[in-house]
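Engineer: Please read through the structure below; I'll follow up with questions.
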Amino acid sequence: MATSAPPYPVAGGDGALRPNVATAGRRLPAVRDYEQVTREITGVLRPTVAWFFGLGIAMAFMFAGATAWMYQIHEGLGVAGYHPPVMWAVYIVSFVFWVGIGHAGTLISAILYLFRAGFRTTIYRCAEVMTVFAVMTAGLFPVLHLGRPWKFFWLIPYPHWRWIWPQFKSPLVWDVFAILTYLTVSATFLYIGLLPDLAVLRDHERNPIRKKIFATLSLGWRNSDREWRHFARAYLFLAALATPLVLSVHSVVSFDFAMANTPGWHATIFPPYFVAGAIFSGMGMVFTILIPLRKWFGFKHYVTLNDLDAGAKLCLFTSMVVGCAYLTEFYIGWYSGNRIEHEFWWNRVFGQWWWAAWIMLICNVVLPLSLFSQKLRRNTTWLFILSLFINLGMWFERFVIIVPSLSHEFEPWQWAGYQATWVDIAILCGSFGWFFMWFLLFVKQLPILAISEVKEIVPPKRRPPPVMAPRPAVGAAGGGDD
Amino acid sequence: MRGVLGTFREVDATVDAIKALKRQPSTNVTVYSPAPDHAIAEAIDAPTSVVRRFALIGGLCGMTFGYWIPIYISKWWPLVVGGKPVPSWVPYTIISFELMVLIGALSTVAGLFIVARLPDLRLTVGYDARFSDGEYGVWVECLPEQAKAVTETLRRTGAVEVRNEP
């Protein structure tokens with residue numbers, strides 16, 4: 001929530017434009033007034049046939065994944081293709097992938113808010129919703145990965161009659177704290193930002209049951225000066241708390257690998273490398289979701305090409321950071337002078353796993369270089385296609401980190417391969433179904449653009465300027481030069 | 001709760017009304033606006049929100065708790081490795097940081113609810129659904145004998161509708 005209104009002459013003042021810090025001078029020329037914002041954003045909340053069709057597909061994928069999981073519980077983790085030494089594969093790859101997807105939402109809603117980046121205003125709600133559902137999806141995978149998933153709560157430190165506690169020096173316990181904190185704070189941030197919009201829905205709803213639901217969810221929000229004053233401050237502090245959290249969560253996830261004495265994992269560059277990759281993949285997913293949404297919902301005058309252009313620049317920057325991290329990793333392997341490291345990196349890029357490494361390099365480093373072209377940054381078709389490649393490339397990045405390292409450790413007798421099974425693939429597809437099911441349910445129940453924040457960048461109505469009497473001509477006043 | 005509710009279409013008229021009403025004695029003014037607005041906030045001249053104190057206290061409590069729980073647990077079942085101290089502050093800082101953020105954020109929200117008086121589901125007097133759409137409302141809580149002067153002020157400053165409530 002921006003803390004500042006758009007620039008307009010101060011009432012009764014000297015008519016000078018006020019500095020607009022929070023929205024960085026953002027303008028929506030095609031939006032005339034507040035009523036238009038409310039009408040257009042709440043107008044897309046009616047379910048359509050296409051929406052039901054999309055929801056049906058998402059739920060079908062989800063049920064396919066759930067069925068595969070039930071089969072796995074019955075048969076054991078062996079059906080997922082896990083054999084020593086590769087005991088982490090698609091599930092942990094997908095866990096890291098979905099946590100990464102969740103990072104762009106908080107980056108856009110919190111970090112860009114603190115940096116006063118105006119382009120976030122119309123895209124942050126979509127990214128925030130994506131974050132919450134992506135982290136919910138990520139949280140499934142460590143549980144799916146357990147042989148006895150009903151024991152997952154053993155990771156939480158709770159008083160138990162046997163006084164058995166988790167090991168706090170283990171990165172897996174740090175993960176529990178980091179992911180649960182991230183999910184809670186992201187969901188809280190989303191809900192607090194939604195309060196004024198829920199009040200708008202409450203005031204415009206005609207169905208009495210839905211009106212009562214929105215009235216309860218909005219907690220009786222009335223848009224009063226007291227509420228806005230405290231709200232703006234609370235939002236600022238939530239953003240300030242969420243910002244280091246974004247950086248910490250994927251750093252903690254990277255510790256799962258960096259703390260292990262495994263070639264390809266035991267590196268100090270992992271935390272920044274993972275954070276940059278997470279933001280990059282999250283921006284990719286934002287484009288995947290936002291570009292169709294702005295077309296289907298008719299939001300092209302809210303999510304403008306300038307916004308997509310700015311997002312694409314961020315995407316390009318994080319792609320280059322990720323590319324730099326890849327090169328640094330290769331350099332560390334070469335410069336170490338360690339034969340095992342040399343052998344490992346050669347195997348990763350040109351050996352057993354060359355195909356995965358090159359999918360990663362092409363999708364994450366080569367193709368995003370196209371974003372140096374302004375023409376392509378403003379081409380929504382290309383941005384959408386590129387975002388799909390980025391999603392693919394970032395999934396494979398995590399695959400390349402996890403599977404080649406485990407399958408090619410220090411001793412040659414340990415070396416092995418890994419082949420994903422139909423159970424792995426079904427659960428991976430099921431996770432996409434789960435994610436899109438929640439997202440589709442959200443977009444038809446609650447506003448996908450932040451109504452009150454968009455209103456902040458629309459100039460408010462002002463009194464018409466007073467009509468000035470025409471000045472008499474100089475000659476008529478008798479002021480000649482004779 | 002009795003008072004007068006004025007509805008405005010323009011933000012500058014609303015600001016003028018607030019300034020005029022603040023010059024009148026014994027009136028309690030509440031302003032409703034579809035979006036937060038600096039000009040309105042300056043005209044009201046309310047003190048800075050105290051939500052930040054909740055964030056600070058919550059964050060400190062979370063940090064303390066985040067160090068306490070792993071230290072307590074390590075000492076409950078001490079595993080001495082290499083003669084090093086059982087509590088290890090480096091990994092425990094991660095837990096402490098996460099709990100600082102978690103409890104700090106939840107305290108901030110609790111602080112918002114307390115100081116903004118939420119939840120309050122009674123939308124009875126002094127509110128109109130138009131205030132969440134595009135219009136501004138100025139609700140003046142006042143004694144019946146002050147209502148006439150308040151009504152006059154609201155009309156003079158540009159209110160499109162003025163009504164006594166309840």
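Note on naming: chains are A, B, ... as they come in the structure tokens, residues start from 1 per chain, ligands start from 1 in the order shown.
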Given only C-alpha atoms, how would the per-residue table for chain A near chain B read, listing every residue at most 8 Å away with its closest atom pair and distance in Å to one decimal, sorted by chain and number, as a Markdown table?

Structural biologist:
| residue | atom | partner | partner_atom | distance |
| --- | --- | --- | --- | --- |
| A:Thr3 | CA | B:Pro36 | CA | 7.0 |
| A:Ser4 | CA | B:His38 | CA | 5.9 |
| A:Ala5 | CA | B:Asp37 | CA | 5.0 |
| A:Val10 | CA | B:Ala39 | CA | 6.9 |
| A:Ala11 | CA | B:Asp12 | CA | 4.9 |
| A:Gly12 | CA | B:Asp12 | CA | 7.9 |
| A:Asp33 | CA | B:Gly134 | CA | 7.6 |
| A:Tyr34 | CA | B:Gly134 | CA | 4.9 |
| A:Glu35 | CA | B:Gly134 | CA | 5.3 |
| A:Thr38 | CA | B:Asp133 | CA | 6.4 |
| A:Trp165 | CA | B:Ile73 | CA | 6.7 |
| A:Phe168 | CA | B:Pro70 | CA | 6.2 |
| A:Lys169 | CA | B:Pro91 | CA | 5.8 |
| A:Trp174 | CA | B:Ile95 | CA | 6.5 |
| A:Phe177 | CA | B:Glu98 | CA | 6.5 |
| A:Ala178 | CA | B:Glu98 | CA | 6.0 |
| A:Thr181 | CA | B:Leu102 | CA | 5.5 |
| A:Thr184 | CA | B:Leu102 | CA | 7.5 |
| A:Val185 | CA | B:Leu102 | CA | 6.5 |
| A:Thr188 | CA | B:Leu106 | CA | 7.9 |
| A:Ile192 | CA | B:Val109 | CA | 7.9 |
| A:Pro196 | CA | B:Ser132 | CA | 8.0 |
| A:Ala199 | CA | B:Ser132 | CA | 7.0 |
| A:Val200 | CA | B:Ser132 | CA | 5.4 |
| A:Asp203 | CA | B:Ala129 | CA | 5.1 |
| A:His204 | CA | B:Ala129 | CA | 7.6 |
| A:Ala215 | CA | B:Leu121 | CA | 7.1 |
| A:Thr216 | CA | B:Leu121 | CA | 7.0 |
| A:Leu219 | CA | B:Pro119 | CA | 4.4 |
| A:Gly220 | CA | B:Leu121 | CA | 4.4 |
| A:Trp221 | CA | B:Leu118 | CA | 7.4 |
| A:Arg222 | CA | B:Tyr32 | CA | 7.1 |
| A:Asn223 | CA | B:Tyr32 | CA | 5.2 |
| A:Ser224 | CA | B:Tyr32 | CA | 4.3 |
| A:Asp225 | CA | B:Val31 | CA | 5.4 |
| A:Arg226 | CA | B:Ala116 | CA | 6.2 |
| A:Glu227 | CA | B:Ala116 | CA | 5.1 |
| A:Trp228 | CA | B:Pro36 | CA | 5.8 |
| A:Arg229 | CA | B:Ser49 | CA | 6.6 |
| A:His230 | CA | B:Ser49 | CA | 5.4 |
| A:Phe231 | CA | B:Leu112 | CA | 6.5 |
| A:Arg233 | CA | B:Ser49 | CA | 6.6 |
| A:Ala234 | CA | B:Thr108 | CA | 6.0 |
| A:Phe237 | CA | B:Arg52 | CA | 7.1 |
| A:Leu238 | CA | B:Ala105 | CA | 5.8 |
| A:Leu241 | CA | B:Val101 | CA | 5.8 |
| A:Ala242 | CA | B:Val101 | CA | 7.4 |
| A:Leu245 | CA | B:Val101 | CA | 7.1 |
| A:Ser452 | CA | B:Ala35 | CA | 5.4 |
| A:Glu453 | CA | B:Ala35 | CA | 7.2 |
| A:Lys455 | CA | B:Ala35 | CA | 6.2 |
| A:Glu456 | CA | B:Ala35 | CA | 5.9 |
| A:Pro460 | CA | B:Val11 | CA | 6.5 |
| A:Lys461 | CA | B:Glu10 | CA | 4.8 |
| A:Arg462 | CA | B:Glu10 | CA | 4.6 |
| A:Arg463 | CA | B:Glu10 | CA | 6.0 |

Engineer: Within 9 Å of stretch 150-155 of chain A, counting only C-alpha atoms, which residues show up once you throw out same-chain ones fewer than 5 positions away? Write them as a list in words, please.

Structural biologist: Pro142, Val143, Trp165, Pro166, Gln167, Leu172, Val173 and Val176 of chain A

Engineer: Run DSSP on the backbone and grab whatever in chain B lands in helix (DSSP H, G or I); send it over as an NGL selection string.

Structural biologist: :B and (11-22 or 38-44 or 51-76 or 89-115 or 129-132 or 144-156)

Engineer: Go ahead and compute the interatomic distance for atom CA of A:Phe297 and atom CA of A:Gly56, in Å to one decimal.

Structural biologist: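 Pair atom CA of A:Phe297 / atom CA of A:Gly56 returns 19.3 Å.
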
Engineer: Just the number, please: distance in Å from atom CA of A:Met285 to atom CA of A:Thr67, one decimal.

Structural biologist: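 Straight-line distance from atom CA of A:Met285 to atom CA of A:Thr67 works out to 26.2 Å.
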